[in-house]
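For reference, the structure is listed below as structure tokens.
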Amino acid sequence: MLGYIVGRLAQALAVMLAVALVAFLLFNYVGDPINNMVGQEATTMDRQELRDQLGLDDPAPVQFARFLGNAIQGNFGLSYRMKRPVAALIQERLPATLELVFLSALASLVVGLPLGVYTALRRDSWFSRVVLTTSLVGVSLPTFVIGIGLIYLLSVQFDLLPSFGRGQVVSLGWWTTGFLTKSGWAAIVMPAITLSLYQLTLVLRLVRTEMMEVLRTDYIKFARARGLSNRVVHFRHALKNTMMPVVTIVGLQIGGLIAFSIVTETVFQWPGMGLLFIQAVGFADIPVMAAYLVLVGAMFVVLNLMVDLAYFVIDPRLRVDRAKAAGKAT
Amino acid sequence: MAAFRLKTALLAGALALTLPLAAAPALAQGKVLRWASQGDYLTMDPHSQNEGLTRTGSFQTYEGLVGYSADLKFVPALATSWKAVNDTTWEFKLRQGVKFHDGADFTADDVVFSVKRAQHPASDFKTYIASVKEVKKIDSHTVHVETNGANPILPNQIANIFILSKAWAEKNNVVNPQSYKDKEETFAVRNTNGTGPFMLKQREQDVRTVMVRNPTWWGLKDNPHNIDEIVYTPVTTPATRVAALLSSQLDFVLDVPVQDVERVKRSPGLQVKKTNEIRSIFLGLDVGSAELKYSDVKGKNPFADKRVRQAMYHAIDMQAIAQKVMRGDAVVAGMITSPGVHGYNTAIDKRLPYDVNKAKALLKDAGYPNGFGVKLDCSNDRYVNDEGVCQAVVGMLAQAGIKVDLAAQSKTLHFPKLQKKDTSFFLLGWGVPTFDSHYVFSYLVQTPDGKNGSWNFTNYSNPKLDAMFNGMLSELDQGKRDKLIADAWNIINDEVIYLPLHHQVLNWAMSDKLDMPIIADNVPRFHFAKMK
């Protein structure tokens with residue numbers, strides 16, 4: 001088990017290096033930050049001086065090596081846009097993104113899972129049909145449109161929720177949370193719905209399909225023959241066995257949520273990492289972009305690892321097989 | 001039964017998620033002005049970044065020796081008067097009794113210190129005062145600024161230099177502006193200590209910046225504004241920004257998209273103020289190269305022929321672009337600087353008439369009866385509807401026979417490309433912070449020499465004009481200087497180095513409750529505001 005984790009962590013490191021390298025190659029196409037960094041009055045000489053100072057004319061491999069060297073020491077440099085340390089900027093924005101992603105993932109599970117089970121069990125009820133039809137909206141409408149639609153409806157027309165920002169936040173050490181204030185909750189509702197809609201649909205449809213599949217298997221028929229109540233059959237036997245693919249997908253999709261949050265954060269001016277990244281792209285703020293991409297790469301790798309570990313917990317067969325295989329080898 | 005309960009639970013859950021949690025209204029303590037635009041202040045350091053919105057932030061907390069009135073006339077600010085004591089020395093008399101936000105007295109030492117700080121290599125404002133040789137304290141409230149050679153417009157230029165407290169800067173180790181070489185941010189990036197009408201209270205970058213009224217501001221008597229607090233929030237997405245204004249979560253939006261102006265105007269409780277911005281949009285041509293880099297004409301440069309440039313000018317129907325692409329929010333331009341700039345003249349601001357047949361005839365005379373092909377470089381996120389304007393121009397030039405290949409891209413790619421002179425035909429806009437024509441000439445027309453001509457991508461070089469521009473720098477006789485400026489404009493228009501398009505129009509959207517003048521340099525100054 002330990003060897004397995006260490007092996008995966010080594011893979012993770014390789015993945016992150018590859019992400020960083022690809023990112024650096026892409027930066028050549030993002031543009032030159034110099035023009036954004038100096039006023040229009042700056043002379044040609046000033047511009048060249050700054051370019052030399054930042055080493056922007058160096059070939060990509062040299063810039064990459066310098067970035068790696070600094071990153072290993074925990075120094076991601078100063079943002080070109082804000083002249084503040086990148087690590088501090090990311091640390092400031094991480095809580096906003098994680099709270100949004102957490103709530104969205106939670107909402108998609110809490111709503112999606114029961115709805116999936118229900119629509120699998122009561123396939124022909126009117127409620128199932130309504131749910132399935134409306135869930136198509138979740139997968140087919142772009143996030144941007146959903147977000148603007150919600151703003152138009154709930155902010156402009158009915159004046160219920162704030163259209164942008166995060167409300168009042170409370171600082172707990174370096175972490176800032178919006179979960180402790182009323183305006184914080186009001187602010188997170190629309191972004192969380194927007195971000196979770198796609199996930200919710202995915203979970204719902206996945207659970208439904210898997211559940212229907214499982215309900216047809218022999219051991220369910222056998223359980224029914226044993227005279228077990230519907231409740232036990234559905235939730236102890238059937239649902240547990242549908243969870244494997246759901247865990248995989250949900251785990252990987254949390255990474256997706258972090259990535260998708262770029263659009264949601266931009267629409268709602270949510271002060272998270274996605275917004276930071278989009279603004280960095282607009283400015284060609286290379287230090288911020290590099291740090292963000294490496295961080296998101298790291299998150300994907302970690303989530304992947306956690307999904308693999310979750311299998312051990314859910315599926316007893318895996319534990320047995322591994323133990324056996326290990327036993328044989330020694 | 002179980003399924004029924006499940007359903008009810010689901011509905012209840014769904015309802016709970018969308019439960020109307022009414023937005024908490026801002027505490028009604030005094031007058032709070034909430035406003036937004038696309039980006040955030042880059043820094044609070046007044047000498048670090050010379051960028052439009054960042055300057056707006058500085059104008060609230062800091063002041064210069066010379067200030068601006070609402071119609072952009074230069075007025076006394078921290079200096080009460082100024083005069084040239086000889087050809088190369090300006091004397092500034094400083095205002096008595098002014099205090100910094102931390103309570104320290106404002107004196108000549110602070111002025112000497114601030115001007116020197118703005119001259120530091122890491123300062124983005126050094127070019128404004130490049131002519132300054134020495135700043136001398138004469139007494140506690142008199143300063144002499146010596147220039148290299150005569151400089152009649154020094155007061156206009158020094159208006160852009162904000163004054164901060166010397167003692168505060170030394171105490172907090174911010175004697176120099178932030179440099180990219182530094183590993184850490186300096187104190188001045190998020191803290192201020194100026195003499196301005198508002199004081200920085202809270203700074204959360206990209207989230208909110210709160211400023212409060214400076215109760216001891218010296219200018220309160222002349223500008224009795226009633227704003228107690230200003231809350232600035234950057235809102236990146238234009239649709240969200242407009243929605244926040246419509247739902248009265250904002251009182252003022254600086255950059256309302258052209259397509260939403262009508263909507264805002266029609267909404268009860270909102271108003272849109274409009275004025276001509278000091279910014280003109282035009283096309284530049286590579287007239288100096290032997291062969292165009294991006295053209296199908298080889299061995300010669302069609303733009304070197306004045307008839308071709310005139311033909312292109314005649315082919316552009318700017319009235320139509322102003323109506324259709326800009327929705328009426330543009331002033332058709334015949335020169336590349338706007339009303340409000342010294343040297344602007346309605347007699348010069350006249351376009352060559354739109355005439356496709358004349359354009360075709362001129363092209364034929366020049367030896368291009370079937371036209372030619374060329375590539376146009378254009379930004380798509382810098383000026384109002386910049387890409388739309390370029391697309392319209394492409395269509396119009398096609399009618400005259402010139403096949404234009406449009407390359408529209410982000411400003412992070414467009415401007416670096418221009419600066420490498422990697423272009424044959426380009427779109428550019430130019431604003432004038434000194435409100436003097438010399439600023440336009442020295443950047444856009446003067447021969448590039450490392451200092452001047454840094455935005456002249458046309459490869460145009462005219463020694464006669466260069467001599468006139470240098471003459472303007474030191475000509476102290478206002479009449480003679482005005483004559484030089486007028487002559488230069490006539491030569492530039494006659495040569496058709498640039499094809500003027502339009503003067504940009506500004507739209508500020510605000511609540512009816514807010515009474516604030518719109519200012520042509522797009523820098524709101526809240527001490528002119530009144531709130532109901």
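Residues in the structure tokens are named by chain (A, B, ... in the order shown) and by number from 1 within that chain; ligands are numbered from 1 in the order shown.
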Subject >> Nearby residues (only C-alpha atoms) at most 8 Å from Asp329 in chain B, same-chain spacing under 3 positions excluded, as a count of residues only >> reply: 7
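Residue neighbourhood of Phe64 in chain A, excluding near-sequence residues (fewer than 5 positions): Ala20, Leu21, Val22, Ala23, Phe24, Leu25, Asp58, Pro59, Gly69, Asn70 and Ala290 of chain A, at 10 Å, using only C-alpha atoms.
The set of residues in range 413-468 of chain B assigned to strand (DSSP E or B) by DSSP, using only backbone atoms of this structure, is Phe425, Phe426, Leu427, Leu428, Gly429, Trp430, Gly431 and Asp436 of chain B.
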**OP:** Please provide as a PyMOL selection string all residues within 9 Å of Gln391 in chain B, with the sequence filter that same-chain residues fewer than 5 positions apart are discarded (counting only C-alpha atoms).
**Re:** chain B and resi 386+396+406
**OP:** Find the residues near Gly57 in chain B: any atom within 10 Å, counting only C-alpha atoms, skip ones fewer than 2 places away on the same chain, and give them as an MDAnalysis selection string.
**Re:** chainID B and resid 40:46 52:55 59:62 198 200 209 211 232 523:525
Original post:
Could you list, as a PyMOL selection string, every residue of chain A that has an atom within 6 Å of an atom of chain B, counting only C-alpha atoms?
Top reply: chain A and resi 31-32+39+43-45+82+84+156+160-163+183+186+267+269
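When the distance limit is 12 Å and only C-alpha atoms are what count, the residues near Gln91 in chain A, minus those fewer than 6 positions from it on the same chain, are Arg84, Pro85, Thr97, Leu98, Gly173, Trp174, Trp175, Thr176, Pro271, Gly272, Met273, Leu276, Val288, Ala291, Tyr292 and Leu295 of chain A.
Using only C-alpha atoms, the residues found no farther than 8 Å from range 129-131 of chain B, other than those of its own chain fewer than 2 positions away, are Gln119, Phe125, Lys126, Thr127, Lys133, Thr147, Asn148, Gly149, Asn151, Leu154, Gln157 and Ile158 of chain B.
For the pair CA of Phe74 in chain B and CA of Asn156 in chain B, the interatomic distance is 7.2 Å.
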Original post:
Quick one: of B:Ser511, B:Asn522, B:Gln446, B:Thr346, who's nearest to Ile492 in chain B, counting only C-alpha atoms?
Top reply: B:Gln446
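Relative to CA of Ala12 in chain A, CA of Gly297 in chain A is found at 8.7 Å.
With distances restricted to only C-alpha atoms, A:Glu41 is the closest residue to Leu444 in chain B from A:Glu41, A:Val19, A:Ser128, A:Val6.
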**OP:** Would you list the contacts of Leu352 in chain B as a list in words, taking every protein, DNA or RNA residue within 9 Å and counting only C-alpha atoms, but skipping same-chain residues closer than 4 positions in sequence?
**Re:** Gln310, Tyr313, His314 and Gly334 of chain B
What does the file look like for those residues with N, CA and C atoms, as a compact mmCIF listing (two decimals), in the first residue's frame?
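What landed in out-v4.txt:
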```txt
# COMPACT_ATOMS: atom_id res chain seq x y z
N GLN B 310 -4.02 58.69 -50.09
CA GLN B 310 -5.24 59.51 -50.26
C GLN B 310 -6.41 58.65 -50.73
N TYR B 313 -7.89 56.90 -47.87
CA TYR B 313 -8.63 57.88 -47.05
C TYR B 313 -10.01 58.11 -47.67
N HIS B 314 -10.02 58.35 -49.01
CA HIS B 314 -11.29 58.61 -49.70
C HIS B 314 -12.23 57.40 -49.63
N GLY B 334 -10.86 64.14 -38.53
CA GLY B 334 -10.01 64.51 -39.65
C GLY B 334 -8.59 64.79 -39.19
```
**OP:** Tell me which of A:Met289, A:Ile90, A:Leu195, A:Leu305 sits closest to Thr143 in chain A, counting only C-alpha atoms.
**Re:** A:Leu195
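Atom to atom, CA of Ala520 in chain B and CA of Ala333 in chain B stand 16.5 Å apart.
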